[in-house]
Amino acid sequence: MAAPFNFGQAFQEEMLALMLADAGFAHRAGQYVPEDRLYSEVHKWLFMLVKERVDASNEVPSYSEIENEIIRKVDRSKRRMYKAFLDEVYTKPIPNPGYVKTMLTDYARRAFFLNIFSTGQTLWNSRKFDEAYTSVQDGMNELYGIDFSDEMSISLSEFEDVRQQFVTDSTTTKRRLPTGIPGIDSVLQGGLAKGEMGIILAEAKRGKSFSLVHMGAICLMMRMGRVAHFQLEGAADQTTMRYQARLSHVPYNRIRRDDLTDPEREALLKFPQRIGDNLEVVPLNSRWDYTVADLDARIVQMQRRGRAPDLVIVDYGDLLTTDKHREVRLKQMQVFRELKQLAMVRKVALWTASQAQRPPKEESGAPSVLRSKDIAEAYEKVRITDFLMTLNQTARERLMGVMRVHIDIYRDNEADKTIMPVVDFSRMVFHSAKYGCIDPSTVPRFGKR
């Protein structure tokens, strides 16, 4: 027999942690979770603070804002306790948001039913029979609408409310982080949106890490926000030097050899002043069992420091694992589900990469193009992602300095397009602003072989 659900201290802290990460969930919780059932004074204080802020502005308060509330409004003798509680809740990982939402739906419905029953009984005892009937009927209609899950149905009458909420949440251009490649950004309608996950598919050693560095560098160069780059394979110094090459335009191999002129050394020192300290490279390469929960914990730490990332790069998703399945295919499916969930809960745009399962086959003398069906281990990864593009390059195209990028999937726009950006591996340039993209139809025949 399953243990009874306990709306106690531990569960309430998971609920509060999810409220701090998800404004939509916080709004619904504020409507239906009874304040008088919360565990302690400090639980009630944080619950009401988040509820009031979300109701007023559709945004959850940041860590620094809550900390300022403690300093300004909480009695001096209690500040340390409140601060310790805030730290605990803000750093608490949410391993299963779905469980929290399902259990809270049932609990909130039960609590709401007690209010319906009490109100109806009072009216009935006062011989207000019609009012009692109407009150119970209206209450039961509302009760069945209480649902904290993300799969709530939307009626036609709510469509405009949903659109207005989208506009309020976004200012759409701020939610989209461009790639700096016009052909891709055109399909993405400006860039990858916060809450979306993009996958870059390529064969081994064909530019996955190189292109992920490009995505982070463009976010920095266009001042679109902070970047957290999780390094799961190889040495972190390799990634940092790749960013240096991309941001300073000094060739990567010369940076590695320390073969630099004085102006180039000065450029390496000065580029943080131009873009700000908005990049964190996080090495997770000391073991082979990192999970999405490890990434989430690091992101929470960044949020605590007032440095919440706007773009998360995972280099790369195939190297993460999970304890939920033994079979590789199911593990990979679960990992990518959790990555998508991470993007949605933490409100970040997320780029990762995945390995192709086999080299492309030449057909009819033309170079082949990788597609979503070529993804390794688990095709379910494709079903989970919002955007998938593939990197395709023959040896001759590499010599020519071009790459065929095939946009295979985008949930929100027409895809199935191929563009050919000019690339420069020596400087980590995935798209040349000067030369742009080449129309594949204009490439000479010798370049297609």
# chains A, B, ... in the order shown; residues from 1 in each chain; ligands from 1
>>> select_by_dssp(residues="region 83-314 of chain A", states="alpha helix (DSSP H)", output="short mmCIF file (atom, residue, chain, number, x, y, z; two decimals) with N, CA, C and O atoms, in the first residue's frame")
data_model
loop_
_atom_site.label_atom_id
_atom_site.label_comp_id
_atom_site.auth_asym_id
_atom_site.auth_seq_id
_atom_site.Cartn_x
_atom_site.Cartn_y
_atom_site.Cartn_z
N LYS A 83 16.90 34.28 6.04
CA LYS A 83 17.94 34.17 5.01
C LYS A 83 18.34 32.70 4.79
O LYS A 83 18.49 32.24 3.66
N ALA A 84 18.50 31.95 5.88
CA ALA A 84 18.86 30.53 5.78
C ALA A 84 17.75 29.75 5.06
O ALA A 84 18.03 28.87 4.23
N PHE A 85 16.49 30.08 5.35
CA PHE A 85 15.37 29.40 4.69
C PHE A 85 15.34 29.74 3.20
O PHE A 85 15.15 28.85 2.36
N LEU A 86 15.55 31.01 2.86
CA LEU A 86 15.59 31.42 1.46
C LEU A 86 16.69 30.67 0.71
O LEU A 86 16.47 30.16 -0.40
N ASP A 87 17.88 30.57 1.30
CA ASP A 87 18.99 29.87 0.66
C ASP A 87 18.64 28.40 0.41
O ASP A 87 18.94 27.84 -0.64
N GLU A 88 17.99 27.78 1.41
CA GLU A 88 17.66 26.36 1.28
C GLU A 88 16.64 26.13 0.16
O GLU A 88 16.79 25.23 -0.66
N VAL A 89 15.61 26.98 0.11
CA VAL A 89 14.57 26.81 -0.91
C VAL A 89 15.11 27.14 -2.29
O VAL A 89 14.85 26.44 -3.27
N TYR A 90 15.90 28.22 -2.39
CA TYR A 90 16.37 28.67 -3.70
C TYR A 90 17.36 27.69 -4.32
O TYR A 90 17.49 27.63 -5.54
N PRO A 97 9.18 17.85 -11.08
CA PRO A 97 8.11 18.85 -11.02
C PRO A 97 6.73 18.26 -11.28
O PRO A 97 5.73 18.73 -10.74
N GLY A 98 6.67 17.23 -12.15
CA GLY A 98 5.38 16.61 -12.44
C GLY A 98 4.72 16.03 -11.20
O GLY A 98 3.50 16.12 -11.03
N TYR A 99 5.53 15.41 -10.33
CA TYR A 99 4.99 14.84 -9.09
C TYR A 99 4.43 15.94 -8.19
O TYR A 99 3.33 15.82 -7.63
N VAL A 100 5.19 17.03 -8.06
CA VAL A 100 4.74 18.15 -7.22
C VAL A 100 3.40 18.68 -7.73
O VAL A 100 2.45 18.90 -6.95
N LYS A 101 3.28 18.84 -9.04
CA LYS A 101 2.04 19.41 -9.61
C LYS A 101 0.87 18.45 -9.46
O LYS A 101 -0.25 18.87 -9.16
N THR A 102 1.12 17.14 -9.65
CA THR A 102 0.04 16.16 -9.52
C THR A 102 -0.47 16.07 -8.09
O THR A 102 -1.68 16.10 -7.82
N MET A 103 0.45 15.98 -7.13
CA MET A 103 0.06 15.89 -5.72
C MET A 103 -0.63 17.16 -5.24
O MET A 103 -1.60 17.12 -4.48
N LEU A 104 -0.13 18.31 -5.71
CA LEU A 104 -0.71 19.57 -5.27
C LEU A 104 -2.11 19.76 -5.87
O LEU A 104 -2.98 20.36 -5.23
N THR A 105 -2.32 19.26 -7.08
CA THR A 105 -3.66 19.32 -7.67
C THR A 105 -4.67 18.61 -6.79
O THR A 105 -5.75 19.15 -6.47
N ASP A 106 -4.34 17.39 -6.37
CA ASP A 106 -5.25 16.62 -5.52
C ASP A 106 -5.45 17.30 -4.17
O ASP A 106 -6.57 17.41 -3.66
N TYR A 107 -4.35 17.81 -3.57
CA TYR A 107 -4.45 18.45 -2.25
C TYR A 107 -5.30 19.72 -2.33
O TYR A 107 -6.16 19.96 -1.47
N ALA A 108 -5.06 20.55 -3.35
CA ALA A 108 -5.80 21.81 -3.49
C ALA A 108 -7.29 21.54 -3.73
O ALA A 108 -8.15 22.27 -3.22
N ARG A 109 -7.60 20.49 -4.50
CA ARG A 109 -9.00 20.16 -4.72
C ARG A 109 -9.68 19.74 -3.42
O ARG A 109 -10.83 20.11 -3.16
N ARG A 110 -8.98 18.95 -2.60
CA ARG A 110 -9.56 18.53 -1.32
C ARG A 110 -9.80 19.73 -0.40
O ARG A 110 -10.85 19.83 0.25
N ALA A 111 -8.81 20.63 -0.35
CA ALA A 111 -8.96 21.82 0.50
C ALA A 111 -10.10 22.70 0.00
O ALA A 111 -10.88 23.24 0.79
N PHE A 112 -10.23 22.83 -1.32
CA PHE A 112 -11.30 23.65 -1.89
C PHE A 112 -12.66 23.01 -1.64
O PHE A 112 -13.65 23.70 -1.38
N PHE A 113 -12.69 21.67 -1.68
CA PHE A 113 -13.95 20.97 -1.41
C PHE A 113 -14.44 21.24 0.01
O PHE A 113 -15.64 21.42 0.25
N LEU A 114 -13.53 21.29 0.97
CA LEU A 114 -13.92 21.58 2.34
C LEU A 114 -14.57 22.96 2.44
O LEU A 114 -15.56 23.14 3.18
N ASN A 115 -14.04 23.94 1.69
CA ASN A 115 -14.65 25.27 1.69
C ASN A 115 -16.04 25.24 1.07
O ASN A 115 -16.97 25.89 1.56
N ILE A 116 -16.18 24.47 -0.04
CA ILE A 116 -17.49 24.35 -0.69
C ILE A 116 -18.50 23.73 0.29
O ILE A 116 -19.62 24.23 0.46
N PHE A 117 -18.07 22.65 0.91
CA PHE A 117 -18.96 21.92 1.83
C PHE A 117 -19.37 22.81 3.01
O PHE A 117 -20.54 22.88 3.38
N SER A 118 -18.38 23.52 3.60
CA SER A 118 -18.65 24.37 4.76
C SER A 118 -19.61 25.51 4.41
O SER A 118 -20.56 25.79 5.15
N THR A 119 -19.36 26.16 3.26
CA THR A 119 -20.22 27.26 2.84
C THR A 119 -21.64 26.77 2.55
O THR A 119 -22.63 27.39 2.97
N GLY A 120 -21.74 25.65 1.82
CA GLY A 120 -23.06 25.10 1.50
C GLY A 120 -23.82 24.70 2.75
O GLY A 120 -25.04 24.92 2.85
N GLN A 121 -23.12 24.09 3.72
CA GLN A 121 -23.78 23.65 4.96
C GLN A 121 -24.29 24.85 5.75
O GLN A 121 -25.41 24.82 6.30
N THR A 122 -23.50 25.92 5.81
CA THR A 122 -23.92 27.13 6.54
C THR A 122 -25.18 27.73 5.92
O THR A 122 -26.13 28.11 6.62
N LEU A 123 -25.18 27.82 4.57
CA LEU A 123 -26.36 28.37 3.89
C LEU A 123 -27.58 27.48 4.08
O LEU A 123 -28.70 27.95 4.28
N TRP A 124 -27.37 26.17 4.02
CA TRP A 124 -28.48 25.22 4.19
C TRP A 124 -29.07 25.32 5.59
O TRP A 124 -30.29 25.35 5.76
N ASN A 125 -28.20 25.38 6.60
CA ASN A 125 -28.67 25.49 7.97
C ASN A 125 -29.40 26.81 8.23
O ASN A 125 -30.18 26.92 9.18
N PHE A 129 -31.92 27.49 0.95
CA PHE A 129 -31.72 26.27 0.19
C PHE A 129 -31.25 26.53 -1.24
O PHE A 129 -30.36 25.85 -1.75
N ASP A 130 -31.88 27.49 -1.91
CA ASP A 130 -31.49 27.78 -3.30
C ASP A 130 -30.05 28.29 -3.37
O ASP A 130 -29.27 27.90 -4.25
N GLU A 131 -29.71 29.16 -2.42
CA GLU A 131 -28.35 29.70 -2.40
C GLU A 131 -27.33 28.61 -2.09
O GLU A 131 -26.22 28.59 -2.64
N ALA A 132 -27.71 27.68 -1.21
CA ALA A 132 -26.82 26.57 -0.88
C ALA A 132 -26.56 25.71 -2.10
O ALA A 132 -25.42 25.33 -2.41
N TYR A 133 -27.64 25.41 -2.84
CA TYR A 133 -27.51 24.58 -4.04
C TYR A 133 -26.62 25.27 -5.09
O TYR A 133 -25.71 24.65 -5.65
N THR A 134 -26.90 26.56 -5.33
CA THR A 134 -26.13 27.30 -6.33
C THR A 134 -24.66 27.40 -5.93
O THR A 134 -23.75 27.26 -6.76
N SER A 135 -24.43 27.65 -4.63
CA SER A 135 -23.05 27.78 -4.14
C SER A 135 -22.27 26.49 -4.34
O SER A 135 -21.12 26.51 -4.81
N VAL A 136 -22.88 25.35 -4.00
CA VAL A 136 -22.20 24.06 -4.15
C VAL A 136 -21.98 23.74 -5.63
O VAL A 136 -20.90 23.28 -6.03
N GLN A 137 -22.98 24.01 -6.46
CA GLN A 137 -22.86 23.72 -7.89
C GLN A 137 -21.73 24.55 -8.52
O GLN A 137 -20.89 24.03 -9.25
N ASP A 138 -21.71 25.86 -8.21
CA ASP A 138 -20.65 26.73 -8.76
C ASP A 138 -19.28 26.31 -8.24
O ASP A 138 -18.29 26.31 -8.98
N GLY A 139 -19.24 25.95 -6.96
CA GLY A 139 -17.97 25.53 -6.37
C GLY A 139 -17.42 24.28 -6.98
O GLY A 139 -16.21 24.18 -7.26
N MET A 140 -18.30 23.30 -7.27
CA MET A 140 -17.84 22.05 -7.87
C MET A 140 -17.34 22.28 -9.30
O MET A 140 -16.37 21.66 -9.74
N ASN A 141 -17.98 23.19 -10.02
CA ASN A 141 -17.50 23.52 -11.37
C ASN A 141 -16.08 24.08 -11.32
O ASN A 141 -15.23 23.75 -12.14
N GLU A 142 -15.85 24.96 -10.33
CA GLU A 142 -14.51 25.53 -10.20
C GLU A 142 -13.51 24.49 -9.72
O GLU A 142 -12.35 24.48 -10.14
N LEU A 143 -13.96 23.59 -8.83
CA LEU A 143 -13.06 22.58 -8.27
C LEU A 143 -12.43 21.74 -9.39
O LEU A 143 -11.23 21.47 -9.37
N PHE A 159 -8.54 31.87 -25.33
CA PHE A 159 -7.47 32.02 -26.31
C PHE A 159 -6.79 33.39 -26.22
O PHE A 159 -5.57 33.50 -26.25
N GLU A 160 -7.59 34.45 -26.12
CA GLU A 160 -7.00 35.79 -26.09
C GLU A 160 -6.23 36.01 -24.79
O GLU A 160 -5.18 36.66 -24.78
N ASP A 161 -6.70 35.43 -23.68
CA ASP A 161 -5.96 35.53 -22.42
C ASP A 161 -4.60 34.86 -22.55
O ASP A 161 -3.59 35.38 -22.05
N VAL A 162 -4.56 33.72 -23.22
CA VAL A 162 -3.30 33.00 -23.43
C VAL A 162 -2.36 33.84 -24.28
O VAL A 162 -1.15 33.96 -23.99
N ARG A 163 -2.89 34.45 -25.35
CA ARG A 163 -2.04 35.28 -26.22
C ARG A 163 -1.49 36.49 -25.45
O ARG A 163 -0.31 36.82 -25.55
N GLN A 164 -2.36 37.13 -24.68
CA GLN A 164 -1.91 38.28 -23.90
C GLN A 164 -0.85 37.87 -22.88
O GLN A 164 0.11 38.61 -22.63
N GLN A 165 -1.03 36.68 -22.28
CA GLN A 165 -0.03 36.18 -21.33
C GLN A 165 1.30 35.96 -22.02
O GLN A 165 2.37 36.28 -21.48
N PHE A 166 1.25 35.42 -23.25
CA PHE A 166 2.48 35.21 -24.02
C PHE A 166 3.19 36.53 -24.27
O PHE A 166 4.40 36.66 -24.12
N VAL A 167 2.41 37.55 -24.68
CA VAL A 167 3.00 38.87 -24.96
C VAL A 167 3.59 39.46 -23.68
O VAL A 167 4.69 40.02 -23.68
N THR A 168 2.87 39.33 -22.56
CA THR A 168 3.34 39.87 -21.29
C THR A 168 4.61 39.18 -20.84
O THR A 168 5.56 39.80 -20.37
N ASP A 169 4.63 37.85 -20.99
CA ASP A 169 5.80 37.08 -20.56
C ASP A 169 7.04 37.44 -21.36
O ASP A 169 8.16 37.32 -20.87
N SER A 170 6.83 37.82 -22.62
CA SER A 170 7.97 37.84 -23.48
C SER A 170 8.58 39.18 -23.76
O SER A 170 9.68 39.42 -23.32
N THR A 172 8.59 39.46 -27.25
CA THR A 172 9.10 38.30 -27.96
C THR A 172 10.56 38.40 -28.34
O THR A 172 11.31 37.45 -28.21
N THR A 173 11.02 39.58 -28.77
CA THR A 173 12.42 39.68 -29.18
C THR A 173 13.36 39.41 -28.03
O THR A 173 14.46 38.90 -28.22
N LYS A 174 12.98 39.76 -26.81
CA LYS A 174 13.86 39.52 -25.66
C LYS A 174 13.93 38.04 -25.33
O LYS A 174 14.89 37.59 -24.74
N ARG A 175 12.90 37.30 -25.67
CA ARG A 175 12.87 35.88 -25.34
C ARG A 175 13.67 35.07 -26.34
O ARG A 175 13.96 33.92 -26.10
N PRO A 182 21.74 34.39 -40.54
CA PRO A 182 20.42 34.83 -41.02
C PRO A 182 19.48 33.71 -41.43
O PRO A 182 18.29 33.75 -41.11
N GLY A 183 19.98 32.72 -42.16
CA GLY A 183 19.10 31.64 -42.61
C GLY A 183 18.46 30.88 -41.46
O GLY A 183 17.29 30.49 -41.53
N ILE A 184 19.23 30.66 -40.39
CA ILE A 184 18.70 29.94 -39.22
C ILE A 184 17.77 30.84 -38.43
O ILE A 184 16.67 30.44 -38.02
N ASP A 185 18.19 32.09 -38.22
CA ASP A 185 17.36 33.01 -37.43
C ASP A 185 16.04 33.32 -38.13
O ASP A 185 15.04 33.60 -37.47
N SER A 186 16.04 33.25 -39.45
CA SER A 186 14.79 33.46 -40.19
C SER A 186 13.78 32.36 -39.86
O SER A 186 12.60 32.62 -39.62
N VAL A 187 14.26 31.11 -39.84
CA VAL A 187 13.38 29.99 -39.48
C VAL A 187 12.95 30.10 -38.02
O VAL A 187 11.79 29.86 -37.68
N LYS A 208 30.45 19.80 -33.76
CA LYS A 208 29.41 20.00 -32.75
C LYS A 208 29.86 21.01 -31.69
O LYS A 208 29.17 22.01 -31.44
N SER A 209 31.02 20.76 -31.07
CA SER A 209 31.49 21.67 -30.03
C SER A 209 31.80 23.05 -30.59
O SER A 209 31.53 24.08 -29.97
N PHE A 210 32.36 23.06 -31.79
CA PHE A 210 32.70 24.29 -32.49
C PHE A 210 31.47 25.16 -32.68
O PHE A 210 31.46 26.37 -32.43
N SER A 211 30.35 24.55 -33.11
CA SER A 211 29.12 25.31 -33.35
C SER A 211 28.45 25.74 -32.05
O SER A 211 27.83 26.81 -31.99
N LEU A 212 28.59 24.94 -30.99
CA LEU A 212 28.03 25.34 -29.70
C LEU A 212 28.75 26.56 -29.13
O LEU A 212 28.13 27.45 -28.55
N VAL A 213 30.08 26.61 -29.31
CA VAL A 213 30.83 27.80 -28.90
C VAL A 213 30.33 29.02 -29.66
O VAL A 213 30.17 30.12 -29.11
N HIS A 214 30.05 28.83 -30.95
CA HIS A 214 29.52 29.94 -31.76
C HIS A 214 28.22 30.47 -31.16
O HIS A 214 28.03 31.70 -31.06
N MET A 215 27.31 29.59 -30.76
CA MET A 215 26.02 30.02 -30.20
C MET A 215 26.23 30.86 -28.94
O MET A 215 25.58 31.89 -28.74
N GLY A 216 27.15 30.41 -28.08
CA GLY A 216 27.42 31.18 -26.87
C GLY A 216 28.06 32.52 -27.17
O GLY A 216 27.70 33.55 -26.58
N ALA A 217 29.02 32.51 -28.11
CA ALA A 217 29.74 33.75 -28.43
C ALA A 217 28.80 34.79 -29.04
O ALA A 217 28.90 35.99 -28.73
N ILE A 218 27.88 34.36 -29.91
CA ILE A 218 26.95 35.31 -30.52
C ILE A 218 26.05 35.94 -29.47
O ILE A 218 25.77 37.15 -29.51
N CYS A 219 25.61 35.15 -28.51
CA CYS A 219 24.78 35.69 -27.42
C CYS A 219 25.54 36.79 -26.67
O CYS A 219 24.97 37.83 -26.34
N LEU A 220 26.83 36.58 -26.45
CA LEU A 220 27.66 37.56 -25.75
C LEU A 220 27.91 38.79 -26.64
O LEU A 220 27.79 39.93 -26.18
N MET A 221 28.26 38.55 -27.90
CA MET A 221 28.61 39.65 -28.79
C MET A 221 27.42 40.55 -29.08
O MET A 221 27.57 41.75 -29.29
N ALA A 236 38.40 21.78 -19.97
CA ALA A 236 37.71 23.06 -19.98
C ALA A 236 38.57 24.15 -20.62
O ALA A 236 38.03 25.08 -21.22
N ASP A 237 39.91 24.01 -20.50
CA ASP A 237 40.76 25.06 -21.08
C ASP A 237 40.61 25.11 -22.60
O ASP A 237 40.77 26.15 -23.23
N GLN A 238 40.29 23.97 -23.22
CA GLN A 238 40.06 23.96 -24.66
C GLN A 238 38.85 24.83 -25.02
O GLN A 238 38.91 25.63 -25.98
N THR A 239 37.79 24.71 -24.25
CA THR A 239 36.60 25.52 -24.51
C THR A 239 36.86 26.99 -24.26
O THR A 239 36.43 27.85 -25.03
N THR A 240 37.58 27.31 -23.18
CA THR A 240 37.85 28.72 -22.90
C THR A 240 38.69 29.35 -24.01
O THR A 240 38.44 30.49 -24.41
N MET A 241 39.66 28.60 -24.53
CA MET A 241 40.48 29.16 -25.62
C MET A 241 39.69 29.27 -26.92
O MET A 241 39.94 30.17 -27.74
N ARG A 242 38.73 28.38 -27.12
CA ARG A 242 37.86 28.52 -28.29
C ARG A 242 37.05 29.81 -28.21
O ARG A 242 36.88 30.52 -29.22
N TYR A 243 36.52 30.11 -27.02
CA TYR A 243 35.80 31.38 -26.86
C TYR A 243 36.74 32.57 -27.07
O TYR A 243 36.35 33.56 -27.69
N GLN A 244 37.97 32.46 -26.57
CA GLN A 244 38.92 33.55 -26.79
C GLN A 244 39.16 33.78 -28.28
O GLN A 244 39.20 34.92 -28.75
N ALA A 245 39.31 32.69 -29.04
CA ALA A 245 39.54 32.81 -30.48
C ALA A 245 38.34 33.44 -31.16
O ALA A 245 38.48 34.33 -32.02
N ARG A 246 37.15 33.00 -30.79
CA ARG A 246 35.93 33.52 -31.45
C ARG A 246 35.70 35.00 -31.12
O ARG A 246 35.32 35.78 -31.99
N LEU A 247 35.95 35.38 -29.87
CA LEU A 247 35.64 36.75 -29.45
C LEU A 247 36.74 37.74 -29.81
O LEU A 247 36.48 38.94 -29.95
N SER A 248 37.99 37.25 -29.94
CA SER A 248 39.10 38.17 -30.22
C SER A 248 39.55 38.13 -31.68
O SER A 248 40.34 38.97 -32.11
N TYR A 252 42.90 30.18 -33.21
CA TYR A 252 42.89 29.28 -32.06
C TYR A 252 44.25 28.63 -31.82
O TYR A 252 44.73 28.58 -30.68
N ASN A 253 44.89 28.11 -32.87
CA ASN A 253 46.17 27.41 -32.69
C ASN A 253 47.26 28.34 -32.17
O ASN A 253 48.14 27.92 -31.41
N ARG A 254 47.20 29.60 -32.55
CA ARG A 254 48.19 30.55 -32.05
C ARG A 254 47.93 30.88 -30.58
O ARG A 254 48.87 31.11 -29.81
N ILE A 255 46.67 30.90 -30.18
CA ILE A 255 46.36 31.10 -28.77
C ILE A 255 46.88 29.92 -27.95
O ILE A 255 47.47 30.10 -26.88
N ARG A 256 46.68 28.71 -28.46
CA ARG A 256 47.18 27.52 -27.75
C ARG A 256 48.69 27.54 -27.60
O ARG A 256 49.23 27.14 -26.55
N ARG A 257 49.40 27.98 -28.63
CA ARG A 257 50.87 28.00 -28.59
C ARG A 257 51.43 29.24 -27.89
O ARG A 257 52.64 29.34 -27.69
N ASP A 262 51.86 41.63 -29.28
CA ASP A 262 51.45 42.46 -28.14
C ASP A 262 50.02 42.98 -28.31
O ASP A 262 49.24 42.93 -27.34
N PRO A 263 49.62 43.47 -29.50
CA PRO A 263 48.22 43.90 -29.66
C PRO A 263 47.23 42.75 -29.44
O PRO A 263 46.15 42.97 -28.90
N GLU A 264 47.61 41.53 -29.85
CA GLU A 264 46.70 40.39 -29.66
C GLU A 264 46.58 40.04 -28.18
O GLU A 264 45.49 39.72 -27.70
N ARG A 265 47.69 40.11 -27.45
CA ARG A 265 47.62 39.88 -26.00
C ARG A 265 46.70 40.90 -25.35
O ARG A 265 45.90 40.59 -24.46
N GLU A 266 46.83 42.12 -25.81
CA GLU A 266 45.99 43.19 -25.26
C GLU A 266 44.52 42.93 -25.59
O GLU A 266 43.64 43.17 -24.76
N ALA A 267 44.27 42.44 -26.81
CA ALA A 267 42.90 42.14 -27.21
C ALA A 267 42.29 41.04 -26.33
O ALA A 267 41.12 41.12 -25.93
N LEU A 268 43.08 40.00 -26.01
CA LEU A 268 42.58 38.93 -25.14
C LEU A 268 42.24 39.44 -23.76
O LEU A 268 41.29 38.97 -23.12
N LEU A 269 43.01 40.41 -23.28
CA LEU A 269 42.74 40.97 -21.96
C LEU A 269 41.54 41.90 -21.96
O LEU A 269 40.84 42.03 -20.95
N LYS A 270 41.29 42.53 -23.12
CA LYS A 270 40.26 43.57 -23.15
C LYS A 270 38.87 43.08 -23.55
O LYS A 270 37.89 43.76 -23.26
N PHE A 271 38.78 41.90 -24.20
CA PHE A 271 37.45 41.56 -24.67
C PHE A 271 36.43 41.34 -23.55
O PHE A 271 35.24 41.62 -23.73
N PRO A 272 36.83 40.91 -22.31
CA PRO A 272 35.82 40.85 -21.25
C PRO A 272 35.25 42.23 -20.92
O PRO A 272 34.10 42.34 -20.49
N GLN A 273 36.04 43.28 -21.12
CA GLN A 273 35.54 44.63 -20.85
C GLN A 273 34.46 45.01 -21.86
O GLN A 273 33.54 45.77 -21.54
N ARG A 274 34.56 44.48 -23.09
CA ARG A 274 33.57 44.80 -24.11
C ARG A 274 32.26 44.06 -23.89
O ARG A 274 31.19 44.63 -24.10
N ILE A 275 32.35 42.82 -23.50
CA ILE A 275 31.14 42.00 -23.43
C ILE A 275 30.64 41.79 -22.00
O ILE A 275 29.56 41.24 -21.79
N VAL A 292 21.03 15.56 -15.48
CA VAL A 292 20.45 16.89 -15.67
C VAL A 292 20.27 17.59 -14.32
O VAL A 292 20.36 18.81 -14.22
N ALA A 293 20.04 16.82 -13.26
CA ALA A 293 19.91 17.41 -11.93
C ALA A 293 21.20 18.13 -11.52
O ALA A 293 21.15 19.15 -10.82
N ASP A 294 22.37 17.62 -11.93
CA ASP A 294 23.64 18.30 -11.65
C ASP A 294 23.68 19.66 -12.35
O ASP A 294 24.13 20.66 -11.78
N LEU A 295 23.22 19.70 -13.60
CA LEU A 295 23.16 20.97 -14.32
C LEU A 295 22.20 21.93 -13.63
O LEU A 295 22.50 23.12 -13.44
N ASP A 296 21.05 21.41 -13.23
CA ASP A 296 20.04 22.25 -12.58
C ASP A 296 20.58 22.86 -11.29
O ASP A 296 20.35 24.04 -11.00
N ALA A 297 21.31 22.06 -10.51
CA ALA A 297 21.87 22.56 -9.26
C ALA A 297 22.84 23.71 -9.51
O ALA A 297 22.86 24.71 -8.77
N ARG A 298 23.65 23.60 -10.57
CA ARG A 298 24.59 24.68 -10.90
C ARG A 298 23.85 25.93 -11.34
O ARG A 298 24.24 27.06 -11.00
N ILE A 299 22.79 25.76 -12.11
CA ILE A 299 22.01 26.92 -12.57
C ILE A 299 21.37 27.63 -11.38
O ILE A 299 21.34 28.88 -11.32
N VAL A 300 20.88 26.86 -10.42
CA VAL A 300 20.30 27.46 -9.21
C VAL A 300 21.36 28.28 -8.45
O VAL A 300 21.09 29.37 -7.96
N GLN A 301 22.57 27.74 -8.37
CA GLN A 301 23.66 28.50 -7.72
C GLN A 301 23.91 29.82 -8.44
O GLN A 301 24.12 30.86 -7.81
N MET A 302 23.88 29.80 -9.76
CA MET A 302 24.06 31.03 -10.54
C MET A 302 22.94 32.02 -10.25
O MET A 302 23.16 33.22 -10.10
N GLN A 303 21.69 31.51 -10.18
CA GLN A 303 20.56 32.37 -9.87
C GLN A 303 20.72 33.02 -8.50
O GLN A 303 20.41 34.19 -8.31
N ARG A 304 21.19 32.24 -7.56
CA ARG A 304 21.41 32.78 -6.20
C ARG A 304 22.38 33.94 -6.20
O ARG A 304 22.24 34.90 -5.45
#
>>> residues_around(residues="region 373-375 of chain A", least_positions_apart="4", cutoff="8 Å", atoms="only C-alpha atoms", output="ChimeraX atom specification")
/A:201,354-358,379,382
>>> closest_residue(among="A:Arg37, A:Arg371, A:His43, A:Arg28", to="Asn6 (chain A)", atoms="only C-alpha atoms")
A:Arg37
>>> closest_residue(among="A:Gly30, A:Pro178, A:Gly207, A:Gly317", to="Gln393 (chain A)", atoms="only C-alpha atoms")
A:Gly207
>>> closest_residue(among="A:Asp318, A:Asp424, A:Asp36, A:Asp416", to="Tyr290 (chain A)", atoms="only C-alpha atoms")
A:Asp318
>>> closest_residue(among="A:Asn413, A:Gln9, A:Gln231, A:Asn96", to="Leu188 (chain A)", atoms="only C-alpha atoms")
A:Asn413
>>> closest_residue(among="A:Asp412, A:Asp259, A:Glu41, A:Glu377", to="Leu330 (chain A)", atoms="only C-alpha atoms")
A:Glu377
